[in-house]
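Heads up: the structure comes next, in structure tokens.
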Amino acid sequence: MKKLKENVRLRIETQGREIARILENYSDTEIGKVTVKHLMGGMRGLQAMVCNTSYVDPQKGLFVGGFDVPAFSGKTPEEILYLLCTGVFPKKDALTELRDELAKRHEVPRHVWPLLRNLPKDTHPMTMLSMGILAMDSQSVFKQKYSEGIPKKEHWEYTLEDSLNLIAKLPELAAGIYRIRFFDGELISYAPSLDWAENLVHMLGIETADSSFADFMRLYLVLHCDHEGGNVSAFTARVVNSALSNIYYAASAGLNGLAGPLHGLANQECLRFIQRIHDQLGKSPGKEEIRSYVLKTLDSGNVIPGYGHAVLRATDPRFTAFLKFSGKYCDTTPYLQTVKDLYAVVPGLLKTYKGGKVANPYPNVDAISGTLLHYYGLEHFDYYTVLFGVSRILGFCAQNTIARGLNQPIIRPKSVTNKWLLDFLGKA
Ligand code: FCX
């Protein structure tokens with residue numbers, strides 16, 4: 001991984017110089033204000049951290065290394081990993097080197113399987129993924145090197161080492177979880193000739209009539225790779241790693257956040273929502289019927305899964321990329337038709353719902369991803385967020401490798417009490 005490492009080093013050096021210049025000249029410059037609403041409202045909208053792996057523009061959506069979704073969605077996950085870590089796409093030799101490295105490191109340590117097999121049968125696959133990763137922390141090179149007393153400037157090298165070890169094992173781990181949880185537990189062997197995404201598809205062992213499954217999986221793993229620094233899972237992973245807990249601890253913690261229905265679990269919730277619509281209204285409901293169903297859902301105090309976002313204020317381009325893909329391969333299924341009908345109906349309703357309190361009435365990536373997974377034969381909804389997690393770990397790893405390279409300090413915002421606040425506001 002010489003080339004990847006050299007380019008990560010270059011990126012860290014460049015960013016280090018930028019940060020030094022910013023700090024030297026502007027350390028005390030204010031870039032915004034903190035309001036009481038920020039304190040009480042989950043800090044949403046508060047600009048309080050830096051993340052250079054990716055950026056979410058409220059209107060244009062995700063940018064990775066300066067490339068927008070249409071520009072990077074045709075790439076492979078390996079290319080995206082390289083881009084996240086270095087800010088540039090790999091040349092052919094660097095890509096081959098990265099692929100070879102991942103292939104060499106693919107094997108999940110044997111002790112992980114009995115641990116997963118012994119969990120209660122109804123354990124959520126996200127719990128299994130998080131536990132499987134946590135159990136691999138025994139192999140952390142960072143942990144070992146830290147205990148030997150390596151200097152701070154080498155922390156990133158072993159974070160990168162751990163990251164590649166972890167990422168390489170994800171197809172085998174994720175597919176194994178699928179086989180244990182939903183089949184007879186018999187694992188399918190890794191195939192050295194296949195790439196990272198193809199291996200995942202191969203080891204899942206799903207019979208699908210459609211040969212575009214691997215292409216879809218590549219797209220899925222690319223589109224979910226990162227979503228800047230402040231989302232629940234990435235932020236959690238950053239906080240945990242900032243205490244120098246290794247990347248296995250950090251990734252496992254991040255995944256526990258991703259497992260929440262307001263975050264990554266929304267993709268399984270969306271398909272469930274569509275299924276409920278079909279159960280009640282038949283397989284091809286009219287738009288008016290869908291409209292009433294959505295209103296009823298809102299009136300019962302529930303959210304419409306797959307709609308809304310803390311940062312985005314327009315249709316998520318990842319949703320659009322999936323929609324485009326489906327147009328090419330599979331948009332005649334009843335579920336996909338309902339995805340499209342919901343897209344025609346929900347934004348209009350959310351715009352005016354309760355005086356327009358929903359900040360973003362448009363669909364996010366989760367509004368369609370589960371439907372496509374289902375089309376390819378993944379019928380176990382509980383598994384969907386595992387695939388989201390496999391992809392998102394690319395972002396966790398890149399963010400934290402860079403953070404360690406820049407020697408970023410422990411993350412520790414100061415909290416205050418109601419009394420402090422009331423005293424401060426002069427209202428005690
Ligand atoms: N349906 C109904 N109400 C919604 C809504 C939706 N899809 N989205 C937001 N709202 C409501 C909120 O619940 C909140 O109500 P409250 O004042 O009574 O608490 C109000 O609108 C204002 O929330 P808003 O500022 O627009 O959004 P937040 O930043 O609080 O929350 C999420 C953002 C994504 C959590 C919210 O839009 C939501 O719950 N969406 C549905 C779940 C979902 O799709 N999650 C996936 C998001 C993302 F893609 C990811 O992280 O994976």
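Every chain in the structure tokens takes a letter, A first, then B, and so on in the order presented; its residues are numbered from 1, and the ligands are numbered from 1 following the presented order.
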### Task
Give the residue list for ligand 1 at 6 Å, counting only C-alpha atoms and all ligand atoms, as a PyMOL selection string, sorted by chain and then by residue number.
chain A and resi 262-264+266+303-310+357-360+364-366
### Task
Please return as an MDAnalysis selection string: the residues of region 70-142 of chain A that backbone DSSP assigns to helix (DSSP H, G or I).
chainID A and resid 70:72 77:86 92:104 112:117 125:139 141:142
### Query
Pick the closest to Leu219 (chain A) from A:Gln59, A:Ser27, A:Thr338, A:Ser326: which is it, counting only C-alpha atoms?
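Going through A:Gln59, A:Ser27, A:Thr338, A:Ser326 one by one, the smallest distance to Leu219 (chain A) is for A:Ser326.
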Neighbour list for Ala103 (chain A) as a PDB file with N, CA and C atoms, in the first residue's frame, cut-off 10 Å, only C-alpha atoms, skip fewer than 2 positions in-chain:
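Written output follows (around38.pdb):
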ATOM      1  N   GLU A  97      -2.693  -1.934  -6.623  1.00  0.00           N
ATOM      2  CA  GLU A  97      -2.000  -2.162  -5.339  1.00  0.00           C
ATOM      3  C   GLU A  97      -3.009  -2.228  -4.184  1.00  0.00           C
ATOM      4  N   LEU A  98      -3.988  -1.289  -4.192  1.00  0.00           N
ATOM      5  CA  LEU A  98      -4.991  -1.271  -3.120  1.00  0.00           C
ATOM      6  C   LEU A  98      -5.834  -2.548  -3.167  1.00  0.00           C
ATOM      7  N   ARG A  99      -6.249  -2.940  -4.363  1.00  0.00           N
ATOM      8  CA  ARG A  99      -7.070  -4.169  -4.505  1.00  0.00           C
ATOM      9  C   ARG A  99      -6.300  -5.376  -3.977  1.00  0.00           C
ATOM     10  N   ASP A 100      -5.019  -5.463  -4.316  1.00  0.00           N
ATOM     11  CA  ASP A 100      -4.197  -6.596  -3.861  1.00  0.00           C
ATOM     12  C   ASP A 100      -4.083  -6.594  -2.341  1.00  0.00           C
ATOM     13  N   GLU A 101      -3.891  -5.408  -1.780  1.00  0.00           N
ATOM     14  CA  GLU A 101      -3.782  -5.301  -0.310  1.00  0.00           C
ATOM     15  C   GLU A 101      -5.054  -5.804   0.356  1.00  0.00           C
ATOM     16  N   ARG A 105      -5.748  -9.252   2.862  1.00  0.00           N
ATOM     17  CA  ARG A 105      -6.173  -9.097   4.260  1.00  0.00           C
ATOM     18  C   ARG A 105      -7.621  -9.537   4.498  1.00  0.00           C
ATOM     19  N   HIS A 106      -8.213 -10.257   3.549  1.00  0.00           N
ATOM     20  CA  HIS A 106      -9.677 -10.436   3.570  1.00  0.00           C
ATOM     21  C   HIS A 106     -10.209 -11.305   4.704  1.00  0.00           C
ATOM     22  N   GLU A 107      -9.353 -12.150   5.296  1.00  0.00           N
ATOM     23  CA  GLU A 107      -9.901 -13.209   6.161  1.00  0.00           C
ATOM     24  C   GLU A 107     -10.299 -12.716   7.555  1.00  0.00           C
ATOM     25  N   ASN A 165      -7.085  -3.294   7.208  1.00  0.00           N
ATOM     26  CA  ASN A 165      -7.408  -4.642   7.706  1.00  0.00           C
ATOM     27  C   ASN A 165      -8.908  -4.798   7.916  1.00  0.00           C
ATOM     28  N   ALA A 168     -10.924  -4.627   4.487  1.00  0.00           N
ATOM     29  CA  ALA A 168     -10.711  -5.844   3.692  1.00  0.00           C
ATOM     30  C   ALA A 168     -11.613  -6.987   4.157  1.00  0.00           C
ATOM     31  N   LYS A 169     -11.895  -7.014   5.460  1.00  0.00           N
ATOM     32  CA  LYS A 169     -12.656  -8.138   6.027  1.00  0.00           C
ATOM     33  C   LYS A 169     -14.169  -7.932   5.947  1.00  0.00           C
ATOM     34  N   TYR A 190     -14.413 -16.900   0.070  1.00  0.00           N
ATOM     35  CA  TYR A 190     -13.933 -15.713  -0.656  1.00  0.00           C
ATOM     36  C   TYR A 190     -13.370 -16.152  -2.011  1.00  0.00           C
ATOM     37  N   ALA A 191     -13.627 -15.330  -3.031  1.00  0.00           N
ATOM     38  CA  ALA A 191     -13.102 -15.667  -4.367  1.00  0.00           C
ATOM     39  C   ALA A 191     -12.035 -14.643  -4.769  1.00  0.00           C
ATOM     40  N   PRO A 192     -10.772 -15.043  -4.814  1.00  0.00           N
ATOM     41  CA  PRO A 192      -9.682 -14.079  -5.045  1.00  0.00           C
ATOM     42  C   PRO A 192      -9.807 -13.302  -6.359  1.00  0.00           C
ATOM     43  N   SER A 193     -10.505 -13.865  -7.337  1.00  0.00           N
ATOM     44  CA  SER A 193     -10.567 -13.167  -8.633  1.00  0.00           C
ATOM     45  C   SER A 193     -11.566 -12.004  -8.632  1.00  0.00           C
ATOM     46  N   LEU A 194     -12.384 -11.913  -7.594  1.00  0.00           N
ATOM     47  CA  LEU A 194     -13.446 -10.892  -7.589  1.00  0.00           C
ATOM     48  C   LEU A 194     -13.031  -9.643  -6.808  1.00  0.00           C
ATOM     49  N   ASP A 195     -13.622  -8.500  -7.157  1.00  0.00           N
ATOM     50  CA  ASP A 195     -13.302  -7.280  -6.409  1.00  0.00           C
ATOM     51  C   ASP A 195     -14.123  -7.233  -5.111  1.00  0.00           C
ATOM     52  N   TRP A 196     -13.954  -6.143  -4.375  1.00  0.00           N
ATOM     53  CA  TRP A 196     -14.525  -6.015  -3.021  1.00  0.00           C
ATOM     54  C   TRP A 196     -16.051  -6.176  -3.042  1.00  0.00           C
ATOM     55  N   ASN A 199     -17.200  -9.666  -4.368  1.00  0.00           N
ATOM     56  CA  ASN A 199     -17.034 -10.711  -3.367  1.00  0.00           C
ATOM     57  C   ASN A 199     -18.173 -10.716  -2.369  1.00  0.00           C
TER      58      ASN A 199
END
### Task
To one decimal in Å, tell me the separation between CA of Lys296 (chain A) and CA of Ile368 (chain A).
21.2 Å
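Of the residues listed (A:Tyr248, A:Tyr329, A:Phe235, A:Tyr146), A:Phe235 shows the shortest atom-to-atom separation from Cys51 (chain A); distances use only C-alpha atoms.
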#### Entry: Neighbour list for Ala253 (chain A) as an MDAnalysis selection string, cut-off 9 Å, only C-alpha atoms, skip fewer than 6 positions in-chain
chainID A and resid 130 134 233 236:237 240
### Query
Smallest atom-to-atom distance to Glu79 (chain A): which of A:Arg44, A:Arg291, A:Lys427, A:Lys91, using only C-alpha atoms?
A:Lys91
#### Entry: Non-local contacts of region 8-24 of chain A (8 Å; only C-alpha atoms; under 4 positions in same chain excluded) as an NGL selection string
:A and (4 or 85-87 or 402 or 405-406)
### Which of A:Pro114, A:Pro58, A:Gly301, A:Gly149 sits closest to Lys354 (chain A) [using only C-alpha atoms]
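Smallest distance to Lys354 (chain A) is found for A:Gly301.
For Ala398 (chain A), the residues within 8 Å (counting only C-alpha atoms, excluding itself and residues fewer than 6 positions away along the chain) are Thr53, Leu81, Leu84, Cys85 and Leu160 of chain A.
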